[in-house]
file query-v5.cif (mmCIF, C-alpha atoms)
data_model
loop_
_atom_site.label_atom_id
_atom_site.label_comp_id
_atom_site.auth_asym_id
_atom_site.auth_seq_id
_atom_site.Cartn_x
_atom_site.Cartn_y
_atom_site.Cartn_z
CA MET V 1 -4.30 6.40 21.61
CA ARG V 2 -6.11 8.13 18.79
CA LEU V 3 -2.94 9.99 17.79
CA ILE V 4 -0.95 6.75 17.65
CA ILE V 5 -3.53 5.15 15.34
CA TYR V 6 -3.57 8.30 13.19
CA ILE V 7 0.22 8.20 12.84
CA LEU V 8 0.12 4.45 12.12
CA VAL V 9 -2.39 4.91 9.29
CA ASP V 10 -0.25 7.76 7.90
CA VAL V 11 2.79 5.45 7.92
CA LEU V 12 0.75 2.78 6.12
CA ILE V 13 -0.24 5.28 3.42
CA ILE V 14 3.38 6.30 2.90
CA GLY V 15 4.41 2.63 2.94
CA LEU V 16 1.80 1.79 0.31
CA PHE V 17 3.09 4.58 -1.91
CA LEU V 18 6.70 3.43 -1.56
CA PHE V 19 5.69 -0.21 -2.02
CA SER V 20 3.91 0.59 -5.28
CA LYS V 21 6.84 2.62 -6.60
CA LEU V 22 9.60 0.20 -5.56
CA THR V 23 7.97 -3.11 -6.52
CA PRO V 24 9.38 -3.05 -10.09
CA HIS V 25 12.87 -2.38 -8.66
CA LYS V 26 12.83 -4.89 -5.79
CA ALA V 27 15.74 -6.93 -7.13
CA ARG V 28 18.04 -3.90 -6.99
CA LEU V 29 17.26 -2.81 -3.42
CA THR V 30 19.93 -3.32 -0.77
CA GLY V 31 20.45 -3.04 2.97
CA SER V 32 17.90 -1.29 5.13
CA TYR V 33 15.84 -0.26 2.09
CA LEU V 34 15.34 -3.91 1.22
CA ASN V 35 14.37 -4.66 4.82
CA ILE V 36 11.81 -1.85 4.84
CA PHE V 37 10.43 -2.98 1.48
CA ASN V 38 10.18 -6.59 2.70
CA PHE V 39 8.28 -5.44 5.80
CA PHE V 40 5.70 -3.58 3.73
CA GLU V 41 5.55 -6.44 1.21
CA ARG V 42 4.68 -8.93 3.97
CA LEU V 43 2.06 -6.48 5.23
CA PHE V 44 0.46 -5.45 1.94
CA ASP V 45 0.69 -8.58 -0.24
CA PRO V 46 -2.06 -10.54 1.55
CA LEU V 47 -4.35 -7.49 1.56
CA LEU V 48 -3.68 -6.66 -2.06
CA ASN V 49 -4.15 -10.28 -3.16
CA LEU V 50 -7.55 -10.30 -1.45
CA LEU V 51 -8.54 -7.01 -3.07
CA ARG V 52 -7.34 -8.22 -6.49
CA LYS V 53 -9.98 -10.95 -6.33
CA ILE V 54 -12.63 -8.27 -5.84
CA ALA V 55 -11.37 -5.56 -8.21
CA LYS V 56 -9.70 -6.50 -11.46
CA PRO V 57 -7.13 -4.16 -13.07
CA ALA V 58 -8.70 -1.30 -15.00
CA GLN V 59 -7.69 -1.16 -18.66
CA VAL V 60 -6.63 2.43 -19.42
CA GLY V 61 -5.01 1.89 -22.82
CA ASN V 62 -3.52 -0.67 -25.17
CA GLY V 63 -1.57 -2.99 -22.90
CA ILE V 64 -1.83 -0.60 -19.95
CA ALA V 65 -3.82 -1.47 -16.84
CA VAL V 66 -4.03 0.13 -13.40
CA ASP V 67 -3.93 -2.11 -10.33
CA MET V 68 -7.19 -1.13 -8.65
CA SER V 69 -6.38 -3.05 -5.45
CA GLN V 70 -3.79 -0.44 -4.45
CA ILE V 71 -6.25 2.37 -5.09
CA ILE V 72 -8.95 0.62 -3.06
CA LEU V 73 -6.54 0.10 -0.16
CA LEU V 74 -5.53 3.77 -0.31
CA VAL V 75 -9.18 4.83 -0.25
CA LEU V 76 -9.79 2.56 2.75
CA PHE V 77 -6.87 4.13 4.61
CA LEU V 78 -8.14 7.62 3.78
CA LEU V 79 -11.65 6.72 4.93
CA ILE V 80 -10.22 5.45 8.21
CA LEU V 81 -8.46 8.76 8.70
CA LYS V 82 -11.56 10.78 7.86
CA PHE V 83 -14.38 8.91 9.57
CA ILE V 84 -12.97 6.62 12.21
CA LEU V 85 -10.29 8.86 13.64
#
call {"tool": "encode", "arguments": {"input": "query-v5.cif", "output": "structure tokens"}}
result
Amino acid sequence: MRLIIYILVDVLIIGLFLFSKLTPHKARLTGSYLNIFNFFERLFDPLLNLLRKIAKPAQVGNGIAVDMSQIILLVLFLLILKFIL
């Protein structure tokens, strides 16, 4: 059971990475890639919207901001791997 949860959290981390990289290109995705993206979008959007209320984007330059909600979610996943599993 522990191994299954470990693998699931690993898949979520990879999914979060792909979600963050593919979001700007969503309109050009097709086929199974679009289906995978939509799955992770339905999974992550509610979580990220909640975290965006807590952590505002960090300004790192003129007109450049980093979405801190994705970083917080990644840290939460890593903490789950380290301390809970």
call {"tool": "closest_residue", "arguments": {"input": "query-v5.cif", "among": "V:Val11, V:Ser20, V:Leu47, V:Phe83", "to": "Val66 of chain V", "atoms": "all atoms listed in the file"}}
result
V:Ser20
call {"tool": "closest_residue", "arguments": {"input": "query-v5.cif", "among": "V:Met1, V:Asp10, V:Phe39, V:Ala27", "to": "Ile80 of chain V", "atoms": "only C-alpha atoms"}}
result
V:Asp10
call {"tool": "resolve_selection", "arguments": {"input": "query-v5.cif", "expression": "the PyMOL selection byres ((chain V and resi 72) around 12)", "output": "list in words"}}
result
Ile13, Leu16, Leu47, Leu48, Asn49, Leu50, Leu51, Arg52, Ile54, Ala55, Lys56, Pro57, Val66, Asp67, Met68, Ser69, Gln70, Ile71, Leu73, Leu74, Val75, Leu76, Phe77, Leu78 and Leu79 of chain V
call {"tool": "write_last_selection", "arguments": {"input": "query-v5.cif", "atoms": "C-alpha atoms", "output": "PDB file, in the frame of the given file"}}
result
ATOM      1  CA  ILE V  13      -0.240   5.280   3.420  1.00  0.00           C
ATOM      2  CA  LEU V  16       1.800   1.790   0.310  1.00  0.00           C
ATOM      3  CA  LEU V  47      -4.350  -7.490   1.560  1.00  0.00           C
ATOM      4  CA  LEU V  48      -3.680  -6.660  -2.060  1.00  0.00           C
ATOM      5  CA  ASN V  49      -4.150 -10.280  -3.160  1.00  0.00           C
ATOM      6  CA  LEU V  50      -7.550 -10.300  -1.450  1.00  0.00           C
ATOM      7  CA  LEU V  51      -8.540  -7.010  -3.070  1.00  0.00           C
ATOM      8  CA  ARG V  52      -7.340  -8.220  -6.490  1.00  0.00           C
ATOM      9  CA  ILE V  54     -12.630  -8.270  -5.840  1.00  0.00           C
ATOM     10  CA  ALA V  55     -11.370  -5.560  -8.210  1.00  0.00           C
ATOM     11  CA  LYS V  56      -9.700  -6.500 -11.460  1.00  0.00           C
ATOM     12  CA  PRO V  57      -7.130  -4.160 -13.070  1.00  0.00           C
ATOM     13  CA  VAL V  66      -4.030   0.130 -13.400  1.00  0.00           C
ATOM     14  CA  ASP V  67      -3.930  -2.110 -10.330  1.00  0.00           C
ATOM     15  CA  MET V  68      -7.190  -1.130  -8.650  1.00  0.00           C
ATOM     16  CA  SER V  69      -6.380  -3.050  -5.450  1.00  0.00           C
ATOM     17  CA  GLN V  70      -3.790  -0.440  -4.450  1.00  0.00           C
ATOM     18  CA  ILE V  71      -6.250   2.370  -5.090  1.00  0.00           C
ATOM     19  CA  LEU V  73      -6.540   0.100  -0.160  1.00  0.00           C
ATOM     20  CA  LEU V  74      -5.530   3.770  -0.310  1.00  0.00           C
ATOM     21  CA  VAL V  75      -9.180   4.830  -0.250  1.00  0.00           C
ATOM     22  CA  LEU V  76      -9.790   2.560   2.750  1.00  0.00           C
ATOM     23  CA  PHE V  77      -6.870   4.130   4.610  1.00  0.00           C
ATOM     24  CA  LEU V  78      -8.140   7.620   3.780  1.00  0.00           C
ATOM     25  CA  LEU V  79     -11.650   6.720   4.930  1.00  0.00           C
TER      26      LEU V  79
END
call {"tool": "resolve_selection", "arguments": {"input": "query-v5.cif", "expression": "the PyMOL selection byres ((chain V and resi 41) around 12)", "output": "list in words"}}
result
Leu12, Gly15, Leu16, Phe17, Leu18, Phe19, Ser20, Leu22, Thr23, Lys26, Leu34, Asn35, Ile36, Phe37, Asn38, Phe39, Phe40, Arg42, Leu43, Phe44, Asp45, Pro46, Leu47, Leu48 and Asn49 of chain V
call {"tool": "atom_distance", "arguments": {"input": "query-v5.cif", "atom1": "atom CA of Ala65 of chain V", "atom2": "atom CA of Lys53 of chain V"}}
result
15.4 Å
call {"tool": "closest_residue", "arguments": {"input": "query-v5.cif", "among": "V:Tyr33, V:Val60, V:Lys21, V:Ile84", "to": "Tyr6 of chain V", "atoms": "only C-alpha atoms"}}
result
V:Ile84
call {"tool": "atom_distance", "arguments": {"input": "query-v5.cif", "atom1": "atom CA of Gly63 of chain V", "atom2": "atom CA of His25 of chain V"}}
result
20.3 Å
call {"tool": "atom_distance", "arguments": {"input": "query-v5.cif", "atom1": "atom CA of Ile14 of chain V", "atom2": "atom CA of Leu29 of chain V"}}
result
17.8 Å
